[in-house]
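Visitor: run.cif is reproduced in full below (mmCIF, C-alpha atoms).
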```
data_query
loop_
_atom_site.label_atom_id
_atom_site.label_comp_id
_atom_site.auth_asym_id
_atom_site.auth_seq_id
_atom_site.Cartn_x
_atom_site.Cartn_y
_atom_site.Cartn_z
CA MET A 22 -9.64 -23.79 -20.17
CA THR A 23 -12.05 -21.04 -21.16
CA ARG A 24 -14.96 -22.41 -19.12
CA GLY A 25 -13.91 -21.00 -15.73
CA ARG A 26 -16.25 -18.78 -13.75
CA LYS A 27 -13.65 -16.64 -12.03
CA LEU A 28 -10.80 -14.74 -13.63
CA ALA A 29 -8.35 -16.76 -11.51
CA GLU A 30 -9.56 -19.96 -13.20
CA ILE A 31 -9.01 -18.53 -16.67
CA ALA A 32 -5.79 -16.54 -16.44
CA LYS A 33 -2.31 -18.07 -16.25
CA THR A 34 -0.80 -15.17 -14.31
CA ILE A 35 -2.41 -12.37 -12.29
CA ARG A 36 0.15 -10.11 -10.69
CA SER A 37 0.95 -6.61 -9.48
CA LYS A 38 4.29 -4.88 -9.05
CA ASN A 39 5.85 -1.45 -8.76
CA ALA A 40 6.27 0.60 -11.93
CA GLY A 41 8.70 3.30 -10.83
CA VAL A 42 8.23 4.98 -7.48
CA ASP A 43 4.65 6.20 -7.77
CA LYS A 44 2.74 3.60 -9.82
CA ILE A 45 1.67 -0.02 -9.57
CA THR A 46 1.22 -2.09 -12.70
CA PHE A 47 -0.99 -5.15 -13.12
CA ASP A 48 -0.48 -8.00 -15.61
CA VAL A 49 -3.17 -10.55 -16.45
CA ILE A 50 -1.75 -13.17 -18.83
CA PHE A 51 -3.76 -15.93 -20.51
CA PRO A 52 -2.77 -19.42 -21.62
CA ASP A 53 -4.34 -19.21 -25.06
CA ARG A 54 -6.04 -16.89 -27.49
CA ALA A 55 -9.55 -18.10 -26.64
CA ALA A 56 -9.18 -17.24 -22.94
CA TYR A 57 -7.60 -13.88 -23.77
CA ASP A 58 -10.38 -13.00 -26.21
CA ARG A 59 -13.10 -14.10 -23.83
CA VAL A 60 -11.88 -11.80 -21.06
CA ARG A 61 -11.09 -8.94 -23.44
CA GLU A 62 -14.51 -9.06 -25.04
CA SER A 63 -16.35 -9.39 -21.73
CA ASP A 64 -15.00 -6.01 -20.56
CA VAL A 65 -14.43 -7.34 -17.03
CA LEU A 66 -10.96 -5.72 -17.10
CA SER A 67 -11.87 -2.59 -19.05
CA ARG A 68 -10.88 0.83 -17.74
CA GLU A 69 -14.38 1.23 -16.33
CA ALA A 70 -14.21 -2.17 -14.64
CA VAL A 71 -10.82 -1.39 -13.07
CA CYS A 72 -12.25 1.86 -11.66
CA ARG A 73 -15.21 -0.02 -10.21
CA ILE A 74 -13.12 -2.83 -8.70
CA PHE A 75 -10.65 -0.55 -6.92
CA GLY A 76 -13.03 2.37 -6.31
CA ILE A 77 -10.80 4.82 -8.21
CA ASP A 78 -11.30 7.57 -10.80
CA ALA A 79 -10.33 7.04 -14.43
CA ALA A 80 -7.64 9.70 -13.99
CA GLN A 81 -5.80 7.33 -11.64
CA ILE A 82 -5.25 4.84 -14.47
CA THR A 83 -2.15 5.92 -16.37
CA ASP A 84 -2.10 3.09 -18.92
CA HIS A 85 -4.41 0.32 -20.06
CA VAL A 86 -3.21 -1.98 -22.82
CA GLU A 87 -4.41 -5.17 -24.51
CA PHE A 88 -1.21 -6.71 -25.82
CA ASP A 89 -2.03 -9.43 -28.35
CA PRO A 90 1.47 -10.91 -28.84
CA ALA A 91 1.67 -11.78 -25.13
CA LEU A 92 -2.03 -12.64 -24.69
CA ALA A 93 -1.97 -10.12 -21.84
CA ILE A 94 -4.01 -7.28 -20.43
CA LYS A 95 -1.90 -4.74 -18.58
CA PHE A 96 -2.89 -1.63 -16.67
CA THR A 97 -1.11 0.81 -14.39
CA ILE A 98 -2.49 2.98 -11.59
CA TYR A 99 -1.04 5.67 -9.36
CA ARG A 100 -0.04 4.85 -5.81
CA HIS A 101 -1.51 6.70 -2.83
CA THR A 102 2.00 7.57 -1.77
CA PRO A 103 5.46 6.80 -3.19
CA SER A 104 6.75 3.30 -2.52
CA GLY A 105 8.21 2.87 0.94
CA SER A 106 6.84 6.07 2.45
CA PRO A 107 5.93 5.65 6.11
CA GLY A 108 2.49 4.03 6.21
CA ASP A 109 2.86 2.33 2.81
CA ALA A 110 2.04 -1.30 3.59
CA ASP A 111 2.99 -2.78 0.19
CA ILE A 112 6.46 -1.48 -0.61
CA PHE A 113 6.82 -3.61 -3.76
CA GLY A 114 3.16 -3.33 -4.80
CA SER A 115 3.16 -7.11 -4.97
CA GLN A 116 -0.18 -7.87 -3.28
CA GLN A 117 -2.49 -5.39 -4.96
CA TYR A 118 -3.96 -7.95 -7.37
CA GLY A 119 -6.19 -9.71 -4.82
CA PRO A 120 -9.48 -8.16 -5.99
CA LEU A 121 -8.86 -9.40 -9.55
CA LEU A 122 -8.88 -13.09 -8.64
CA ASP A 123 -12.57 -13.35 -7.91
CA ILE A 124 -13.87 -11.34 -10.86
CA ASP A 125 -16.97 -13.13 -12.10
CA MET A 126 -16.93 -14.12 -15.76
CA PRO A 127 -20.20 -13.78 -17.67
CA ASP A 128 -21.61 -16.97 -19.23
CA GLY A 129 -18.96 -19.04 -17.40
CA MET B 3 19.82 11.11 -17.21
CA LYS B 4 17.63 9.68 -14.47
CA LEU B 5 17.65 11.49 -11.15
CA GLU B 6 16.21 9.75 -8.10
CA GLY B 7 16.42 10.69 -4.46
CA SER B 8 14.77 10.34 -1.08
CA ASP B 9 14.65 12.41 2.05
CA LYS B 10 14.70 11.30 5.66
CA VAL B 11 11.32 11.81 7.30
CA GLY B 12 12.42 10.83 10.79
CA GLU B 13 13.14 8.14 13.33
CA ARG B 14 10.59 5.36 13.62
CA TYR B 15 9.09 3.09 16.27
CA VAL B 16 6.51 0.34 15.74
CA GLY B 17 3.88 -1.23 18.01
CA ILE B 18 1.62 -4.22 17.35
CA VAL B 19 -1.77 -4.99 18.90
CA GLY B 20 -4.56 -7.49 18.23
CA VAL B 21 -8.34 -7.31 18.60
CA CYS B 22 -10.98 -10.02 18.62
CA ASP B 23 -13.93 -8.26 20.30
CA PRO B 24 -16.53 -8.01 17.49
CA TYR B 25 -17.83 -4.58 18.49
CA THR B 26 -14.29 -3.22 18.68
CA ILE B 27 -13.51 -4.70 15.27
CA ALA B 28 -16.58 -3.02 13.81
CA ASN B 29 -15.53 0.30 15.37
CA ILE B 30 -11.76 0.05 15.15
CA ASP B 31 -11.54 3.50 13.55
CA LEU B 32 -12.98 5.00 16.75
CA VAL B 33 -10.27 3.26 18.77
CA THR B 34 -7.42 4.47 16.57
CA ALA B 35 -8.92 7.98 16.50
CA TRP B 36 -9.06 8.01 20.29
CA ALA B 37 -5.45 6.84 20.55
CA ARG B 38 -4.40 9.50 18.03
CA GLN B 39 -6.17 12.14 20.11
CA GLN B 40 -4.11 11.18 23.16
CA VAL B 41 -0.96 11.81 21.09
CA VAL B 42 -2.36 15.17 19.94
CA GLU B 43 -2.92 16.18 23.55
CA ARG B 44 0.73 15.44 24.37
CA PHE B 45 2.47 16.62 21.17
CA GLY B 46 -0.06 18.63 19.12
CA ASP B 47 -0.80 17.53 15.59
CA SER B 48 2.38 18.41 13.69
CA CYS B 49 6.09 17.49 13.64
CA TYR B 50 5.38 13.75 13.61
CA GLU B 51 3.55 11.08 11.62
CA LEU B 52 1.36 8.37 13.09
CA HIS B 53 0.04 5.49 10.96
CA PHE B 54 -2.33 2.69 11.95
CA THR B 55 -2.22 -0.24 9.52
CA VAL B 56 -5.21 -2.51 10.10
CA TYR B 57 -4.37 -6.08 9.03
CA GLY B 58 -7.47 -8.22 8.60
CA ARG B 59 -9.43 -5.35 7.10
CA ASN B 60 -7.63 -3.19 4.51
CA ALA B 61 -3.96 -2.94 5.47
CA ILE B 62 -2.62 -3.71 2.02
CA LEU B 63 -5.07 -1.98 -0.34
CA GLY B 64 -6.31 0.81 1.92
CA ASP B 65 -9.35 2.56 0.47
CA ARG B 66 -9.04 0.42 -2.67
CA GLU B 67 -9.95 -2.76 -0.76
CA PRO B 68 -13.35 -3.95 -2.01
CA LEU B 69 -13.87 -6.03 1.17
CA LYS B 70 -13.00 -3.25 3.64
CA ALA B 71 -16.52 -3.39 5.09
CA ALA B 72 -16.14 -7.09 5.90
CA PRO B 73 -13.16 -7.41 8.30
CA GLY B 74 -11.99 -10.73 9.64
CA HIS B 75 -12.83 -12.19 13.06
CA GLU B 76 -9.61 -10.80 14.45
CA LEU B 77 -7.48 -7.81 13.47
CA GLY B 78 -3.80 -6.99 13.86
CA ILE B 79 -2.95 -3.31 14.01
CA VAL B 80 0.56 -2.06 13.38
CA VAL B 81 1.24 1.39 14.81
CA GLN B 82 4.05 3.38 13.21
CA ALA B 83 5.29 6.63 14.70
CA VAL B 84 7.82 8.79 12.85
CA ALA B 85 9.34 11.80 14.61
CA PRO B 86 12.49 13.95 14.55
CA THR B 87 14.17 12.06 17.41
CA LYS B 88 14.16 8.44 18.55
CA ALA B 89 12.92 9.52 21.98
CA MET B 90 9.92 11.33 20.52
CA ALA B 91 9.11 8.53 18.07
CA ASP B 92 9.26 6.07 20.97
CA GLU B 93 6.88 8.18 23.06
CA VAL B 94 4.42 8.87 20.22
CA CYS B 95 4.34 5.18 19.39
CA MET B 96 4.02 4.15 23.05
CA ILE B 97 1.14 6.56 23.70
CA ALA B 98 -0.72 5.52 20.52
CA THR B 99 -0.23 1.80 21.15
CA ARG B 100 -0.96 1.82 24.85
CA GLN B 101 -3.96 4.12 24.58
CA MET B 102 -5.64 1.63 22.25
CA PHE B 103 -5.59 -0.66 25.29
CA TYR B 104 -7.35 1.99 27.38
CA ALA B 105 -9.82 3.20 24.74
CA ARG B 106 -13.29 2.39 26.02
CA LEU B 107 -16.21 2.03 23.64
CA PRO B 108 -19.59 2.11 25.40
CA GLU B 109 -20.84 -1.19 23.94
CA VAL B 110 -17.76 -3.29 24.74
CA LYS B 111 -18.37 -5.94 27.44
CA GLY B 112 -14.73 -6.37 28.34
CA THR B 113 -13.45 -3.72 30.75
CA ALA B 114 -9.88 -4.82 31.42
CA GLY B 115 -8.16 -3.90 28.17
CA GLY B 116 -9.45 -3.05 24.71
CA VAL B 117 -6.71 -4.75 22.71
CA ALA B 118 -4.27 -7.65 23.07
CA PHE B 119 -0.55 -6.79 23.20
CA LEU B 120 1.90 -8.96 21.34
CA LEU B 121 4.64 -7.18 23.29
CA ASP B 122 4.24 -4.84 26.23
CA GLU B 123 6.57 -2.38 24.51
CA VAL B 124 7.18 -0.68 21.18
CA MET B 125 10.12 -1.51 18.93
CA PRO B 126 12.74 0.66 17.21
CA ALA B 127 12.63 0.35 13.41
CA SER B 128 14.67 1.74 10.55
CA PRO B 129 14.39 5.52 9.96
CA ALA B 130 11.61 6.49 7.55
CA TYR B 131 12.39 7.96 4.14
CA ARG B 132 10.19 9.28 1.33
CA TRP B 133 10.93 9.64 -2.39
CA THR B 134 11.38 13.31 -3.10
CA LEU B 135 13.11 13.33 -6.50
CA ASN B 136 12.05 11.36 -9.58
CA HIS B 137 13.12 13.19 -12.72
CA THR B 138 14.92 12.85 -15.99
CA MET B 139 17.40 15.48 -17.15
CA ARG B 140 18.18 16.17 -20.80
CA LEU B 141 21.90 16.21 -21.63
CA ASP B 142 23.60 17.17 -24.87
CA ASP B 143 26.41 14.75 -24.11
CA PRO B 144 25.77 11.68 -21.96
CA LEU B 145 29.14 12.17 -20.25
CA GLU B 146 28.85 15.88 -19.52
CA LEU B 147 28.08 15.30 -15.85
CA PHE B 148 30.80 12.67 -15.54
CA PRO B 149 34.04 14.39 -16.50
CA THR B 150 36.99 12.06 -17.00
CA TYR B 151 40.59 13.08 -16.29
CA VAL B 152 43.78 11.29 -17.22
CA VAL B 153 46.81 12.00 -15.03
CA GLU B 154 50.33 10.61 -14.86
CA ALA B 155 50.75 8.63 -11.66
CA GLY B 156 54.54 9.03 -11.89
CA VAL B 157 55.47 5.57 -10.62
#
```
Rewrite the structure of this file - the entire thing - as structure tokens.

Guide:
Amino acid sequence: MTRGRKLAEIAKTIRSKNAGVDKITFDVIFPDRAAYDRVRESDVLSREAVCRIFGIDAAQITDHVEFDPALAIKFTIYRHTPSGSPGDADIFGSQQYGPLLDIDMPDG
Amino acid sequence: MKLEGSDKVGERYVGIVGVCDPYTIANIDLVTAWARQQVVERFGDSCYELHFTVYGRNAILGDREPLKAAPGHELGIVVQAVAPTKAMADEVCMIATRQMFYARLPEVKGTAGGVAFLLDEVMPASPAYRWTLNHTMRLDDPLELFPTYVVEAGV
């Protein structure tokens, strides 16, 4: 289970959803401690990595948590515009996780 | 107490076009800019909103899309116009949608229409709203804003 090369092969759940009206939160949940530790220690989902993946500044990340009891990494970023404003093409923030799927894992 | 609210931005119309010409796909921002300019010439650049959502490139993530420089072999563009009246939203949307058809880029081989119409019209959509209030308010008593009265109904 921990031998995958892409984050999508290692994580059990990779999702995004609204967090209030002006933020989107991401959850990456792992099936076991080994997978969770491998991703955590590789820094592929660190604050710096999240900035690089989405092309955003660190100030746009409001929270970034490694939550051991749930084997989950969770982070939250500001929206461009409040949910549902004209021009917002993801009212529920539910399809923002796409770029996380193909994250390359080191020594996969 | 949580206070949330939204404000009406305006009436809304929507148009949909497709593109498969590779040069047009690579330069789609020039096409939408040209269409927007036609709206500016008719209505100026205030009192309305005009959004082009480019499916097949970065509709969903916008500037955060890592693959925005690698669009698909065909694009779908949703045009949204928001204006104070339905008539104006209809006209803004119609000009922006139709003018994408007439936009001519010098390198495009096709000369009989720059985009493909799904419908030769634009469609009314729900009015547009925007969140304007997202606060919490401290109360000494959780019921102070919800006074309760007991009266005798007399029946």

Visitor: Expand the PyMOL selection byres ((chain B) within 12 of (chain A)) into the individual residues it matches in the shown file, reporting them as number ranges by chain.

Guide: B: 4, 6-16, 50-57, 60-70, 79-85, 127-137

Visitor: Of the residues B:Val42, B:Leu32, B:Met125, B:Asp47, which is the one nearest to Cys95 in chain B, using all atoms listed in the file?

Guide: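 Comparing B:Val42, B:Leu32, B:Met125, B:Asp47 against Cys95 in chain B, the winner is B:Met125.
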
Visitor: Here's the selection I'm unsure about, the PyMOL selection byres ((chain A and resi 85-90) around 10); applied to the file above, which residues does it give, as a VMD selection string?

Guide: chain A and resid 46 to 50 54 57 to 58 61 66 to 68 71 82 to 84 91 to 98

Visitor: Since we have the selection now, will you write its residues out, keeping C-alpha atoms, as a compact mmCIF listing (two decimals), in the coordinates of the input?

Guide:
```
# COMPACT_ATOMS: atom_id res chain seq x y z
CA THR A 46 1.22 -2.09 -12.70
CA PHE A 47 -0.99 -5.15 -13.12
CA ASP A 48 -0.48 -8.00 -15.61
CA VAL A 49 -3.17 -10.55 -16.45
CA ILE A 50 -1.75 -13.17 -18.83
CA ARG A 54 -6.04 -16.89 -27.49
CA TYR A 57 -7.60 -13.88 -23.77
CA ASP A 58 -10.38 -13.00 -26.21
CA ARG A 61 -11.09 -8.94 -23.44
CA LEU A 66 -10.96 -5.72 -17.10
CA SER A 67 -11.87 -2.59 -19.05
CA ARG A 68 -10.88 0.83 -17.74
CA VAL A 71 -10.82 -1.39 -13.07
CA ILE A 82 -5.25 4.84 -14.47
CA THR A 83 -2.15 5.92 -16.37
CA ASP A 84 -2.10 3.09 -18.92
CA ALA A 91 1.67 -11.78 -25.13
CA LEU A 92 -2.03 -12.64 -24.69
CA ALA A 93 -1.97 -10.12 -21.84
CA ILE A 94 -4.01 -7.28 -20.43
CA LYS A 95 -1.90 -4.74 -18.58
CA PHE A 96 -2.89 -1.63 -16.67
CA THR A 97 -1.11 0.81 -14.39
CA ILE A 98 -2.49 2.98 -11.59
```

Visitor: Go through the shown structure with the PyMOL selection byres ((chain A and resi 33) around 6) and write out the matching residues as a PyMOL selection string.

Guide: chain A and resi 32+34+50-52

Visitor: I'd like the interatomic distance between CA of Glu62 in chain A and CA of Asp123 in chain A, to a tenth of an Å.

Guide: 17.8 Å

Visitor: Please measure the separation of CA of Asp128 in chain A and CA of Arg59 in chain A, giving the value in Å to one decimal.

Guide: 10.1 Å

Visitor: Measure the distance from CA of Gly17 in chain B to CA of Gly112 in chain B in Å and round it to one decimal.

Guide: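 Rounded to one decimal, the two atoms are 21.9 Å apart.
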
Visitor: For a quick check of understanding, using all atoms listed in the file, which of B:Ile30, B:Ala118, B:Cys22, B:Leu145 has the smallest distance to Glu76 in chain B?

Guide: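 Once distances to Glu76 in chain B are computed over all atoms listed in the file, the minimum belongs to B:Cys22.
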
Visitor: Using only C-alpha atoms, pick whichever of B:Pro108, B:Gly20, B:His75, B:Met102 has the shortest atom-to-atom distance to Leu121 in chain B.

Guide: B:Gly20

Visitor: Using only C-alpha atoms for the distances, tell me which of A:Leu28, A:Leu121, A:Ile35, A:Ala79 is nearest to Val60 in chain A.

Guide: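 Selected residue with least distance to Val60 in chain A: A:Leu28.
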